[in-house]
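Next comes final-v2.txt, a file with compact mmCIF, C-alpha atoms.
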```txt
# COMPACT_ATOMS: atom_id res chain seq x y z
CA MET A 2 92.66 -61.48 -237.92
CA LYS A 3 91.66 -61.90 -241.52
CA VAL A 4 88.00 -62.30 -242.46
CA ALA A 5 87.54 -64.65 -245.41
CA ARG A 6 83.79 -64.19 -245.78
CA ALA A 7 80.57 -63.81 -243.86
CA ARG A 8 76.90 -64.54 -244.23
CA ALA A 9 73.82 -63.19 -242.49
CA GLU A 10 71.77 -65.30 -240.08
CA ARG A 11 68.67 -64.63 -237.98
CA PHE A 12 70.81 -63.86 -234.91
CA GLY A 13 73.31 -61.73 -236.85
CA GLY A 14 75.79 -63.62 -238.95
CA ILE A 15 78.62 -66.09 -239.25
CA VAL A 16 82.10 -64.79 -239.99
CA GLU A 17 84.77 -67.08 -241.36
CA LEU A 18 88.31 -66.21 -240.29
CA GLU A 19 91.28 -67.28 -242.34
CA SER A 20 93.76 -66.73 -239.57
CA PRO A 21 93.20 -68.13 -237.03
CA ARG A 22 90.97 -70.58 -238.86
CA ALA A 23 87.60 -70.18 -237.16
CA LEU A 24 83.89 -69.60 -237.60
CA LEU A 25 82.48 -66.86 -235.37
CA HIS A 26 78.78 -66.36 -234.71
CA VAL A 27 78.26 -62.64 -234.14
CA ASP A 28 75.19 -60.57 -233.31
CA ARG A 29 73.45 -58.13 -235.63
CA VAL A 30 75.27 -55.11 -234.19
CA MET A 31 78.63 -56.70 -234.91
CA MET A 32 77.59 -57.52 -238.47
CA GLU A 33 76.75 -53.86 -239.00
CA GLU A 34 80.03 -52.80 -237.38
CA LEU A 35 81.79 -55.05 -239.87
CA GLY A 36 80.09 -53.18 -242.70
CA HIS A 37 77.40 -55.68 -243.67
CA ALA A 38 74.08 -54.39 -244.92
CA ARG A 39 70.96 -55.07 -242.92
CA SER A 40 69.56 -58.52 -243.72
CA PRO A 41 65.88 -59.48 -244.14
CA LEU A 42 66.69 -62.45 -241.87
CA TRP A 43 67.01 -59.95 -239.00
CA ASP A 44 63.27 -59.33 -239.15
CA LEU A 45 62.73 -62.96 -238.08
CA PRO A 46 63.00 -64.25 -234.49
CA PRO A 47 66.66 -65.01 -233.72
CA GLU A 48 65.90 -68.67 -232.94
CA GLY A 49 65.55 -71.08 -235.82
CA PRO A 50 67.64 -73.15 -238.20
CA LEU A 51 70.61 -71.66 -239.97
CA SER A 52 70.09 -70.24 -243.47
CA ALA A 53 72.37 -73.03 -244.73
CA PRO A 54 74.67 -75.60 -243.14
CA THR A 55 78.11 -74.32 -242.22
CA GLU A 56 79.56 -77.65 -243.24
CA VAL A 57 78.54 -80.44 -245.58
CA HIS A 58 79.98 -83.91 -245.60
CA VAL A 59 80.30 -84.91 -249.24
CA VAL A 60 80.51 -88.69 -249.33
CA LEU A 61 82.32 -88.89 -252.65
CA SER A 62 82.04 -92.65 -252.90
CA ARG A 63 81.20 -95.96 -251.27
CA ARG A 64 84.32 -97.25 -252.98
CA CYS A 65 87.24 -98.59 -250.96
CA ALA A 66 89.50 -101.60 -251.26
CA ALA A 67 90.32 -101.84 -247.54
CA GLY A 68 87.12 -103.59 -246.45
CA CYS A 69 87.20 -102.44 -242.81
CA ARG A 70 84.91 -104.64 -240.75
CA GLY A 71 83.04 -101.72 -239.19
CA CYS A 72 82.77 -99.42 -242.26
CA TYR A 73 79.73 -97.24 -241.68
CA VAL A 74 79.06 -96.66 -245.40
CA GLY A 75 79.53 -100.34 -246.25
CA ALA A 76 82.19 -99.46 -248.83
CA THR A 77 83.30 -102.02 -251.42
CA PRO A 78 85.81 -101.86 -254.30
CA GLN A 79 82.97 -101.29 -256.77
CA GLY A 80 80.79 -98.97 -254.67
CA ALA A 81 78.83 -96.00 -256.04
CA ALA A 82 80.58 -92.66 -256.50
CA LEU A 83 79.78 -89.09 -257.44
CA SER A 84 81.46 -88.26 -260.76
CA HIS A 85 83.84 -85.31 -261.02
CA GLN A 86 81.17 -83.22 -262.76
CA GLU A 87 78.50 -84.15 -260.21
CA ALA A 88 80.76 -83.31 -257.28
CA CYS A 89 81.60 -79.94 -258.82
CA ARG A 90 77.92 -79.12 -259.44
CA VAL A 91 77.15 -79.97 -255.80
CA LEU A 92 79.98 -77.68 -254.67
CA ASP A 93 78.70 -74.85 -256.87
CA GLU A 94 75.31 -75.01 -255.21
CA LEU A 95 76.75 -75.32 -251.71
CA SER A 96 78.85 -72.24 -252.40
CA ALA A 97 75.77 -70.33 -253.54
CA MET A 98 74.04 -71.35 -250.30
CA GLY A 99 76.94 -69.94 -248.27
CA VAL A 100 78.46 -73.20 -246.99
CA PHE A 101 81.94 -72.62 -245.55
CA HIS A 102 83.50 -76.07 -245.32
CA VAL A 103 83.10 -79.48 -246.91
CA ALA A 104 84.42 -82.72 -245.47
CA LEU A 105 85.35 -84.97 -248.37
CA GLY A 106 85.27 -88.63 -247.56
CA GLY A 107 84.01 -92.00 -248.56
CA GLY A 108 84.80 -94.82 -248.99
CA GLU A 109 88.40 -93.91 -249.68
CA ALA A 110 88.41 -90.58 -251.46
CA LEU A 111 92.09 -90.96 -252.44
CA GLU A 112 91.11 -93.86 -254.71
CA LEU A 113 89.28 -91.35 -256.95
CA ASP A 114 91.65 -89.92 -259.55
CA TYR A 115 89.63 -86.67 -259.60
CA LEU A 116 89.79 -86.01 -255.83
CA PHE A 117 92.31 -83.18 -256.17
CA ALA A 118 90.37 -81.63 -259.06
CA VAL A 119 87.28 -81.61 -256.80
CA ALA A 120 89.30 -79.99 -253.98
CA GLU A 121 90.63 -77.34 -256.38
CA HIS A 122 87.10 -76.62 -257.50
CA ALA A 123 85.99 -76.22 -253.89
CA ARG A 124 88.74 -73.63 -253.36
CA ARG A 125 87.73 -71.82 -256.54
CA VAL A 126 84.16 -71.42 -255.33
CA GLY A 127 85.26 -70.27 -251.86
CA ILE A 128 84.73 -73.46 -249.86
CA THR A 129 87.46 -74.98 -247.69
CA PRO A 130 87.86 -78.69 -248.57
CA ASN A 131 88.86 -81.05 -245.76
CA LEU A 132 89.69 -84.71 -246.06
CA THR A 133 89.45 -87.93 -244.10
CA THR A 134 91.52 -90.82 -245.44
CA SER A 135 92.86 -94.19 -244.37
CA GLY A 136 96.20 -93.14 -245.86
CA LEU A 137 96.52 -96.49 -247.61
CA GLY A 138 98.50 -96.07 -250.82
CA LEU A 139 99.40 -92.45 -250.16
CA ASP A 140 102.80 -91.63 -251.69
CA GLU A 141 104.99 -88.52 -251.51
CA GLN A 142 103.53 -87.08 -254.69
CA ALA A 143 99.94 -87.41 -253.47
CA ALA A 144 100.90 -86.08 -250.05
CA ALA A 145 102.33 -82.94 -251.63
CA ARG A 146 99.05 -82.36 -253.47
CA CYS A 147 97.18 -82.67 -250.17
CA ALA A 148 98.43 -79.18 -249.28
CA ILE A 149 95.22 -77.95 -250.89
CA PHE A 150 93.08 -79.26 -248.05
CA GLY A 151 92.29 -77.38 -244.87
CA GLN A 152 92.45 -80.19 -242.35
CA ILE A 153 93.38 -83.79 -243.17
CA ASN A 154 92.79 -86.58 -240.70
CA VAL A 155 94.02 -90.12 -241.11
CA SER A 156 91.94 -92.88 -239.56
CA VAL A 157 93.96 -94.71 -236.90
CA ASP A 158 91.74 -96.73 -234.58
CA GLY A 159 94.66 -98.22 -232.70
CA VAL A 160 98.44 -98.53 -232.71
CA GLY A 161 100.05 -101.71 -234.06
CA GLU A 162 98.02 -104.81 -233.28
CA ALA A 163 95.14 -102.70 -231.97
CA TYR A 164 94.72 -101.27 -235.49
CA ARG A 165 94.34 -104.77 -236.92
CA SER A 166 91.84 -105.77 -234.24
CA ALA A 167 89.72 -102.71 -234.91
CA ARG A 168 89.79 -102.65 -238.70
CA GLY A 169 90.26 -106.30 -239.56
CA PHE A 170 93.51 -105.90 -241.52
CA ASP A 171 97.09 -104.90 -240.74
CA GLY A 172 97.33 -101.35 -242.07
CA TYR A 173 98.96 -99.50 -239.19
CA ARG A 174 102.37 -99.06 -240.84
CA HIS A 175 100.71 -97.52 -243.90
CA ALA A 176 98.64 -95.16 -241.76
CA GLU A 177 101.67 -93.98 -239.79
CA ARG A 178 103.67 -93.49 -242.98
CA ALA A 179 100.83 -91.44 -244.44
CA LEU A 180 100.77 -89.27 -241.32
CA ARG A 181 104.50 -88.62 -241.59
CA LEU A 182 104.25 -87.77 -245.30
CA LEU A 183 101.33 -85.41 -244.74
CA ARG A 184 102.90 -83.76 -241.71
CA ALA A 185 105.97 -82.98 -243.81
CA VAL A 186 103.67 -81.04 -246.13
CA LYS A 187 101.38 -79.19 -243.74
CA ARG A 188 100.58 -78.44 -240.12
CA GLU A 189 96.84 -79.26 -240.15
CA VAL A 190 97.11 -83.03 -239.98
CA GLY A 191 95.38 -85.09 -237.31
CA VAL A 192 94.08 -88.51 -236.41
CA ASN A 193 90.55 -89.88 -236.35
CA CYS A 194 90.13 -92.67 -233.86
CA VAL A 195 86.90 -94.63 -233.57
CA VAL A 196 86.37 -95.49 -229.91
CA SER A 197 84.70 -98.85 -229.52
CA ARG A 198 84.18 -101.23 -226.64
CA SER A 199 87.34 -103.15 -227.63
CA SER A 200 89.57 -100.16 -228.34
CA PHE A 201 88.54 -97.98 -225.38
CA GLU A 202 91.43 -98.91 -223.09
CA ARG A 203 94.05 -98.33 -225.80
CA VAL A 204 93.09 -94.84 -226.97
CA GLY A 205 96.00 -93.45 -224.94
CA GLU A 206 98.42 -95.11 -227.37
CA VAL A 207 96.84 -93.17 -230.24
CA ALA A 208 97.11 -89.94 -228.24
CA ALA A 209 100.82 -90.64 -227.70
CA LEU A 210 101.20 -91.13 -231.46
CA VAL A 211 99.56 -87.74 -232.11
CA ARG A 212 102.04 -86.14 -229.72
CA ARG A 213 105.03 -88.01 -231.12
CA LEU A 214 104.27 -87.03 -234.73
CA ASP A 215 103.46 -83.43 -233.71
CA LEU A 216 99.95 -83.58 -235.20
CA ASN A 217 97.40 -80.84 -234.52
CA GLU A 218 94.46 -82.87 -233.23
CA LEU A 219 93.05 -86.17 -232.12
CA GLU A 220 89.40 -86.66 -232.97
CA LEU A 221 87.64 -89.38 -231.02
CA LEU A 222 84.66 -90.74 -232.91
CA ARG A 223 81.98 -92.86 -231.32
CA PHE A 224 81.45 -96.31 -232.78
CA LYS A 225 78.03 -96.34 -234.43
CA PRO A 226 76.16 -99.52 -235.28
CA VAL A 227 75.45 -98.59 -238.89
CA GLY A 228 76.68 -99.99 -242.22
CA ARG A 229 78.90 -103.03 -241.62
CA GLY A 230 79.23 -101.82 -238.03
CA ALA A 231 75.65 -102.94 -237.41
CA ARG A 232 76.91 -106.53 -237.35
CA LEU A 233 79.41 -105.82 -234.57
CA ASP A 234 78.82 -105.68 -230.85
CA GLU A 235 81.20 -102.79 -230.24
CA GLU A 236 79.16 -100.00 -228.67
CA LEU A 237 80.59 -98.61 -225.44
CA THR A 238 79.44 -100.19 -222.21
CA PRO A 239 77.53 -97.90 -219.80
CA GLU A 240 80.62 -97.74 -217.61
CA GLN A 241 82.83 -96.74 -220.58
CA GLY A 242 80.28 -94.11 -221.55
CA LYS A 243 80.67 -92.46 -218.16
CA ARG A 244 84.47 -92.69 -218.31
CA LEU A 245 84.73 -91.16 -221.80
CA TRP A 246 84.82 -87.48 -220.78
CA PRO A 247 87.32 -87.95 -217.91
CA MET A 248 89.50 -89.98 -220.27
CA ALA A 249 89.42 -87.24 -222.92
CA ARG A 250 90.41 -84.61 -220.36
CA ARG A 251 93.25 -86.80 -219.16
CA LEU A 252 94.54 -87.19 -222.72
CA VAL A 253 94.67 -83.41 -223.11
CA TRP A 254 96.69 -82.87 -219.94
CA ARG A 255 98.92 -85.90 -220.23
CA HIS A 256 99.87 -85.59 -223.89
CA ARG A 257 99.41 -81.83 -224.38
CA ILE A 258 97.39 -82.33 -227.53
CA ARG A 259 94.09 -80.96 -228.84
CA VAL A 260 91.35 -83.55 -228.39
CA LYS A 261 87.95 -83.34 -230.04
CA LEU A 262 84.94 -85.59 -229.51
CA ASP A 263 82.35 -86.07 -232.21
CA CYS A 264 78.79 -84.80 -231.82
CA SER A 265 77.49 -88.26 -230.91
CA PHE A 266 79.54 -88.17 -227.68
CA ALA A 267 77.66 -85.09 -226.42
CA PRO A 268 75.42 -87.02 -223.95
CA MET A 269 78.47 -88.63 -222.35
CA VAL A 270 80.00 -85.16 -221.90
CA PHE A 271 76.90 -83.36 -220.61
CA TRP A 272 76.26 -86.09 -218.05
CA HIS A 273 79.32 -84.69 -216.23
CA ARG A 274 77.65 -81.24 -216.11
CA PRO A 275 80.26 -79.00 -217.75
CA SER A 276 79.63 -75.24 -217.97
CA ALA A 277 76.65 -74.77 -220.29
CA ARG A 278 77.78 -71.22 -221.10
CA ALA A 279 81.22 -72.40 -222.17
CA ALA A 280 79.70 -75.25 -224.15
CA ALA A 281 77.37 -72.86 -225.98
CA PHE A 282 80.18 -70.41 -226.73
CA PHE A 283 82.53 -73.05 -228.11
CA GLY A 284 79.80 -74.68 -230.19
CA VAL A 285 79.71 -77.87 -228.15
CA GLN A 286 76.55 -79.57 -229.34
CA GLY A 287 74.97 -82.93 -229.88
CA CYS A 288 73.13 -83.72 -233.10
CA VAL A 289 73.41 -80.75 -235.47
CA GLY A 290 72.20 -82.74 -238.48
CA GLY A 291 69.94 -80.75 -240.80
CA ASP A 292 71.06 -77.49 -239.20
CA VAL A 293 74.80 -76.88 -238.87
CA LEU A 294 75.61 -80.04 -240.78
CA ALA A 295 74.28 -81.90 -243.82
CA ALA A 296 75.53 -84.68 -246.05
CA VAL A 297 75.47 -85.51 -249.74
CA GLN A 298 75.51 -89.23 -250.43
CA PRO A 299 77.29 -90.81 -253.44
CA GLU A 300 73.90 -91.56 -255.01
CA GLY A 301 73.01 -87.86 -254.78
CA ALA A 302 70.70 -87.80 -251.76
CA LEU A 303 70.89 -84.78 -249.44
CA THR A 304 70.53 -85.99 -245.85
CA GLY A 305 70.80 -84.34 -242.44
CA CYS A 306 73.78 -86.46 -241.48
CA SER A 307 76.00 -89.03 -243.22
CA PHE A 308 74.88 -91.71 -240.78
CA ALA A 309 71.14 -91.13 -240.64
CA GLY A 310 68.15 -89.29 -241.99
CA ARG A 311 65.93 -89.62 -245.02
CA ALA A 312 66.71 -88.11 -248.42
CA GLU A 313 65.46 -84.53 -248.32
CA ALA A 314 66.43 -83.70 -251.91
CA ASP A 315 68.30 -84.95 -254.94
CA ALA A 316 71.48 -82.92 -254.67
CA LEU A 317 72.19 -83.54 -258.35
CA GLN A 318 69.11 -81.56 -259.40
CA PRO A 319 69.98 -77.85 -259.76
CA GLY A 320 68.47 -75.80 -256.93
CA ALA A 321 67.07 -78.81 -255.08
CA MET A 322 69.30 -78.52 -252.00
CA GLN A 323 68.55 -74.84 -251.52
CA ALA A 324 64.83 -75.45 -251.98
CA ALA A 325 64.79 -78.29 -249.44
CA TRP A 326 66.82 -76.50 -246.80
CA GLY A 327 64.23 -73.99 -245.61
CA ASN A 328 61.46 -76.32 -244.47
CA GLY A 329 62.99 -79.79 -244.52
CA PHE A 330 64.85 -81.87 -241.95
CA GLY A 331 61.98 -81.79 -239.47
CA GLU A 332 62.97 -85.14 -237.99
CA PHE A 333 66.26 -83.58 -236.88
CA ARG A 334 65.18 -80.02 -236.15
CA ASN A 335 62.06 -80.79 -234.11
CA PHE A 336 63.73 -83.11 -231.62
CA VAL A 337 64.29 -80.43 -228.99
CA ARG A 338 60.71 -79.15 -229.27
CA ASP A 339 59.16 -82.64 -229.08
CA ALA A 340 61.75 -84.39 -226.91
CA PRO A 341 60.53 -87.33 -224.83
CA GLU A 342 61.74 -87.99 -221.27
CA PRO A 343 64.32 -88.03 -219.91
CA CYS A 344 65.58 -85.54 -222.50
CA ALA A 345 62.61 -83.18 -222.01
CA SER A 346 63.59 -82.42 -218.41
CA CYS A 347 67.35 -82.28 -219.04
CA GLU A 348 68.85 -78.81 -218.68
CA TYR A 349 71.37 -79.61 -221.43
CA LEU A 350 68.70 -80.51 -224.02
CA PRO A 351 69.19 -77.34 -226.15
CA LEU A 352 72.88 -78.22 -226.45
CA CYS A 353 72.78 -82.02 -226.47
CA ARG A 354 69.71 -82.27 -228.71
CA GLY A 355 69.07 -85.81 -227.60
CA GLY A 356 72.42 -87.27 -228.61
CA CYS A 357 72.99 -89.22 -231.78
CA ARG A 358 70.04 -89.91 -234.09
CA ALA A 359 71.95 -92.65 -235.92
CA VAL A 360 72.53 -94.61 -232.72
CA ALA A 361 68.94 -94.00 -231.59
CA GLN A 362 67.64 -95.26 -234.93
CA ALA A 363 69.81 -98.37 -234.74
CA HIS A 364 67.99 -99.29 -231.52
CA GLY A 365 64.49 -97.92 -232.05
CA PRO A 366 62.57 -94.93 -233.39
CA PHE A 367 64.59 -92.12 -234.97
CA VAL A 368 63.26 -89.61 -232.44
CA SER A 369 63.97 -91.67 -229.34
CA PRO A 370 66.64 -90.56 -226.83
CA ASP A 371 70.17 -91.78 -227.45
CA PRO A 372 70.41 -95.13 -225.63
CA GLY A 373 74.12 -94.56 -224.95
CA CYS A 374 73.38 -91.51 -222.77
CA PRO A 375 74.05 -92.29 -219.07
CA ARG A 376 71.01 -90.22 -218.07
CA VAL A 377 68.80 -92.22 -220.43
CA GLN A 378 70.27 -95.47 -219.12
CA GLU A 379 69.58 -94.43 -215.53
CA HIS A 380 66.04 -93.37 -216.47
CA ARG A 381 65.34 -96.69 -218.16
CA GLY A 382 66.89 -98.57 -215.26
CA ARG A 383 64.34 -97.14 -212.83
CA ARG A 384 61.40 -99.47 -212.75
CA PRO A 385 58.09 -98.07 -211.55
CA LEU A 386 57.04 -99.36 -208.13
CA PRO A 387 54.31 -101.98 -208.26
CA VAL A 388 50.87 -100.77 -207.27
CA VAL A 389 49.89 -102.41 -203.99
CA ALA A 390 46.17 -102.79 -203.28
CA THR A 391 45.12 -101.70 -199.81
CA MET B 14 71.15 -40.23 -223.51
CA LYS B 15 71.42 -43.09 -225.97
CA LEU B 16 73.81 -45.82 -224.89
CA PHE B 17 76.08 -47.19 -227.57
CA ARG B 18 76.18 -50.98 -227.60
CA ARG B 19 79.04 -52.74 -229.30
CA GLY B 20 78.56 -55.92 -231.22
CA ARG B 21 79.30 -59.26 -229.63
CA VAL B 22 80.81 -62.59 -230.59
CA LEU B 23 78.27 -65.25 -229.62
CA GLN B 24 80.09 -68.43 -230.53
CA ALA B 25 83.50 -69.49 -231.75
CA THR B 26 84.59 -72.76 -233.29
CA PHE B 27 88.21 -73.20 -234.26
CA GLY B 28 89.80 -75.23 -237.01
CA CYS B 29 88.17 -77.23 -239.77
CA ASN B 30 86.31 -80.46 -239.47
CA PRO B 31 87.29 -83.22 -241.89
CA ASN B 32 84.80 -85.74 -240.52
CA SER B 33 81.29 -86.81 -241.12
CA SER B 34 80.38 -86.29 -237.50
CA SER B 35 82.92 -84.40 -235.50
CA LEU B 36 81.06 -81.13 -234.96
CA GLY B 37 81.09 -81.94 -231.30
CA VAL B 38 83.22 -81.16 -228.32
CA ASP B 39 86.55 -79.42 -228.37
CA VAL B 40 87.75 -80.80 -225.07
CA THR B 41 90.64 -78.40 -224.90
CA PHE B 42 88.46 -75.28 -224.83
CA LEU B 43 85.67 -76.72 -222.71
CA LEU B 44 88.15 -77.48 -219.95
CA PHE B 45 88.63 -73.80 -219.19
CA GLY B 46 84.99 -73.03 -218.32
CA SER B 47 82.67 -70.07 -218.66
CA ALA B 48 85.06 -67.33 -217.49
CA PHE B 49 87.47 -68.28 -220.25
CA ALA B 50 84.63 -68.28 -222.78
CA ALA B 51 83.54 -64.80 -221.68
CA ALA B 52 87.10 -63.49 -221.94
CA MET B 53 87.49 -65.10 -225.34
CA ALA B 54 84.32 -63.39 -226.57
CA VAL B 55 85.67 -59.99 -225.58
CA VAL B 56 89.11 -60.58 -227.09
CA LEU B 57 87.73 -61.96 -230.36
CA GLY B 58 85.29 -59.06 -230.63
CA ALA B 59 88.07 -56.54 -230.12
CA LEU B 60 90.31 -58.25 -232.66
CA LEU B 61 87.52 -58.64 -235.18
CA ARG B 62 86.53 -54.98 -235.37
CA PRO B 63 89.71 -53.55 -236.87
CA SER B 64 89.63 -56.24 -239.52
CA LYS B 65 86.86 -54.41 -241.34
CA ASP B 66 89.36 -51.65 -242.11
CA ALA B 67 91.79 -54.17 -243.43
CA ARG B 68 89.30 -55.69 -245.82
```

Please go through the file and, once you have read it, give me the structure as structure tokens.
Amino acid sequence: MKVARARAERFGGIVELESPRALLHVDRVMMEELGHARSPLWDLPPEGPLSAPTEVHVVLSRRCAAGCRGCYVGATPQGAALSHQEACRVLDELSAMGVFHVALGGGEALELDYLFAVAEHARRVGITPNLTTSGLGLDEQAAARCAIFGQINVSVDGVGEAYRSARGFDGYRHAERALRLLRAVKREVGVNCVVSRSSFERVGEVAALVRRLDLNELELLRFKPVGRGARLDEELTPEQGKRLWPMARRLVWRHRIRVKLDCSFAPMVFWHRPSARAAAFFGVQGCVGGDVLAAVQPEGALTGCSFAGRAEADALQPGAMQAAWGNGFGEFRNFVRDAPEPCASCEYLPLCRGGCRAVAQAHGPFVSPDPGCPRVQEHRGRRPLPVVAT
Amino acid sequence: MKLFRRGRVLQATFGCNPNSSSLGVDVTFLLFGSAFAAAMAVVLGALLRPSKDAR
């Protein structure tokens, strides 16, 4: 095993492995065994937010020609974008904070002619750049340059006609071609599939594609009613929410592929009562916005998540992100402490963290329980008995 | 007698995340349960220690 780098945390530290590619949380004793000096953070209680996010989603632009009907950033061909210099300055500061990975996205990041220069800069400052793309317009030359990324996922919300239904245009052939071109270049290529009410029954076809093209993962992303998606009625039904976890397990066994679910699916998983110890060990968590994860928007705002949260700092101002990190993001970080019912009495609350804040905010207050959680739905379905006078 | 305690791996996440929101559930690992997680912690800890000599 090769250690790429490590940083101290209250509980000990986080070690980044190059091979296998992994982030390990280790205790203080292990950090000392690995030769790291004692950290002042170890004088603090072990519980508390991380000293910096492990990953930041850098939304390079709201610029994309595809015009997908459910685009969560509302991208347009003339949307805002971080310049090359701005993106590099953001990466410099994230590196100084100890961030390990960035997810570069948009909009369509491949439409920016400086995307690869940004990725090279990330590598230079010790951050692993990862990419999400629609694959539209990707040619052999661009695919070869994509070797610089850690993981690349191509968005495929359905196979054939199902792609057109989900995205509003016929781009499936381009997406599959992009997957083949990228897979010829590197192993770490996967598929992102947004699971919506309409696409739920056809996710198996996407899993079969992942197997057929020998890709390394299928990431199932929950449809969120934000951006242009707010106009669509595509959230999972309560019945689909309960079937999500069994379906994901079935995809693993049937297609022999690695399946990941995004953090917003956590309530649908925990409702089935998986091992909490295993979940904690493998980092299975609900909303980690403003703690493990943060986002930089194309206009420069630092937010807890790309989908939700107020601007905590202007990431384009030198030192602003680091200054905001310590005491900011209260709306995300305090959810577990202040959780309302039925989250407050749920044994999985420390892991689930109340589900997705973006979905909650789309339906009500930011700090309300995720309305897609089966437990929340059951709780809200129970009407109090009428008081009968005697 | 002072007991010597070895360091522990507390959490492991594999791969890189290219998404805005996919720091969630790795179905593949969660399927194997808590015994697998405990074994994985021991194995990773054992493999990690020698790496300090290699650095």

- Query: Using only C-alpha atoms, which of the listed residues (A:Arg338, A:His26, A:Arg354, A:Arg376) sits closest to chain B?
  - Reply: A:His26

- Message: Ranking A:Ser52, A:Asn154, A:Gln298, A:Thr238 by minimum distance to chain B and counting all atoms listed in the file, which one comes first?
- Response: A:Asn154

If you take all atoms listed in the file and a cut-off of 6 Å, which residues of chain A touch chain B, and what are their nearest atom pairs and distances in Å to one decimal, in chain and number order, as a tab-separated table?
```
residue	atom	partner	partner_atom	distance
A:Arg22	CA	B:Gly28	CA	5.1
A:Ala23	CA	B:Phe27	CA	4.2
A:Leu24	CA	B:Thr26	CA	5.4
A:Leu25	CA	B:Ala25	CA	4.6
A:His26	CA	B:Gln24	CA	4.8
A:Val27	CA	B:Val22	CA	4.4
A:Asp28	CA	B:Arg21	CA	5.7
A:Val30	CA	B:Gly20	CA	4.5
A:Met31	CA	B:Gly20	CA	3.8
A:Leu35	CA	B:Lys65	CA	5.3
A:His58	CA	B:Ser33	CA	5.5
A:Ala104	CA	B:Pro31	CA	4.6
A:Asn131	CA	B:Pro31	CA	4.7
A:Leu132	CA	B:Pro31	CA	5.0
A:Thr133	CA	B:Pro31	CA	5.6
A:Gln152	CA	B:Cys29	CA	5.8
A:Arg259	CA	B:Thr41	CA	5.8
A:Val260	CA	B:Val40	CA	5.6
A:Lys261	CA	B:Asp39	CA	4.5
A:Leu262	CA	B:Val38	CA	4.9
A:Asp263	CA	B:Ser35	CA	3.7
A:Cys264	CA	B:Gly37	CA	3.7
A:Ser276	CA	B:Gly46	CA	5.8
A:Arg278	CA	B:Ser47	CA	5.6
A:Ala279	CA	B:Ser47	CA	4.5
A:Phe282	CA	B:Gln24	CA	4.3
A:Phe283	CA	B:Ala25	CA	5.2
A:Val285	CA	B:Val38	CA	4.8
A:Gln286	CA	B:Gly37	CA	5.5
```

Would you compute an axis-aligned box for stretch 184-199 of chain A, covering every atom listed for it in the file with 5 Å of margin on each side, and report centre and edge lengths in Å to one decimal as JSON?
```
{"center_x": 95.1, "center_y": -90.8, "center_z": -236.4, "size_x": 31.8, "size_y": 34.7, "size_z": 29.5}
```

- Query: How many Å lie between atom CA of A:Pro366 and atom CA of A:Gly310, rounded to one decimal?
  - Reply: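 Separating atom CA of A:Pro366 from atom CA of A:Gly310 is a distance of 11.7 Å.
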
- Task: Excluding stretch 187-202 of chain A and any residue of its chain fewer than 3 positions from it, enumerate the residues within 8 Å of it, using all atoms listed in the file, and give them as number ranges by chain.
- Result: A: 148, 151-159, 163, 167, 180, 183-184, 205, 207, 211, 216-224, 235-238, 241

- Message: As an exercise, work out the distance from atom CA of A:Thr134 to atom CA of A:Tyr164 in Å and give it to one decimal place.
- Response: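 Calculated distance between atom CA of A:Thr134 and atom CA of A:Tyr164 is 14.8 Å.
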
- Message: When you count only C-alpha atoms, which of these residues is closest to A:Val227: A:Val4, A:Ala88, A:Ala38, A:Ala359?
- Response: A:Ala359

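Each of A:Leu95, A:Met32, A:Val160, A:Val204 was checked against A:Val59 using all atoms listed in the file; the smallest atom-to-atom distance is that of A:Leu95.
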
- Task: To one decimal in Å, tell me the separation between atom CA of A:Asp44 and atom CA of A:Val293.
- Result: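 Answer for the atom CA of A:Asp44 to atom CA of A:Val293 separation: 21.0 Å.
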
- Message: Give me, as a list in words, all polymer residues having an atom no more than 9 Å from A:Val360, counting all atoms listed in the file and skipping those fewer than 4 positions away in the same chain.
- Response: Lys225, Pro226, Val227, Ser265, Phe308, Ala309, Gly356, His364, Gly365, Phe367, Asp371, Pro372 and Gly373 of chain A

- Message: At a cut-off of 8 Å, using all atoms listed in the file, what residues contact A:Leu92? Leave out same-chain residues fewer than 6 positions from it and give the result as a list in words.
- Response: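 Counting all atoms listed in the file, the residues come to His122, Ala123, Val126 and Ile128 of chain A.
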
Restricted to C-alpha atoms, what does stretch 68-87 of chain A look like when written out as a tab-separated table (two decimals), in the first residue's frame?
```
chain	number	residue	atom	x	y	z
A	68	GLY	CA	-30.19	21.75	-22.18
A	69	CYS	CA	-31.23	18.67	-20.19
A	70	ARG	CA	-34.74	19.16	-18.88
A	71	GLY	CA	-33.83	18.29	-15.29
A	72	CYS	CA	-30.44	20.08	-15.04
A	73	TYR	CA	-29.92	20.87	-11.37
A	74	VAL	CA	-27.65	23.86	-12.03
A	75	GLY	CA	-29.95	25.27	-14.71
A	76	ALA	CA	-27.08	25.32	-17.21
A	77	THR	CA	-27.37	27.31	-20.45
A	78	PRO	CA	-24.95	27.88	-23.36
A	79	GLN	CA	-23.99	31.27	-21.91
A	80	GLY	CA	-23.93	30.36	-18.21
A	81	ALA	CA	-21.43	31.71	-15.68
A	82	ALA	CA	-18.04	30.04	-15.35
A	83	LEU	CA	-14.95	30.20	-13.17
A	84	SER	CA	-12.00	31.41	-15.27
A	85	HIS	CA	-8.84	29.33	-15.53
A	86	GLN	CA	-7.04	31.63	-13.10
A	87	GLU	CA	-9.93	31.62	-10.62
```
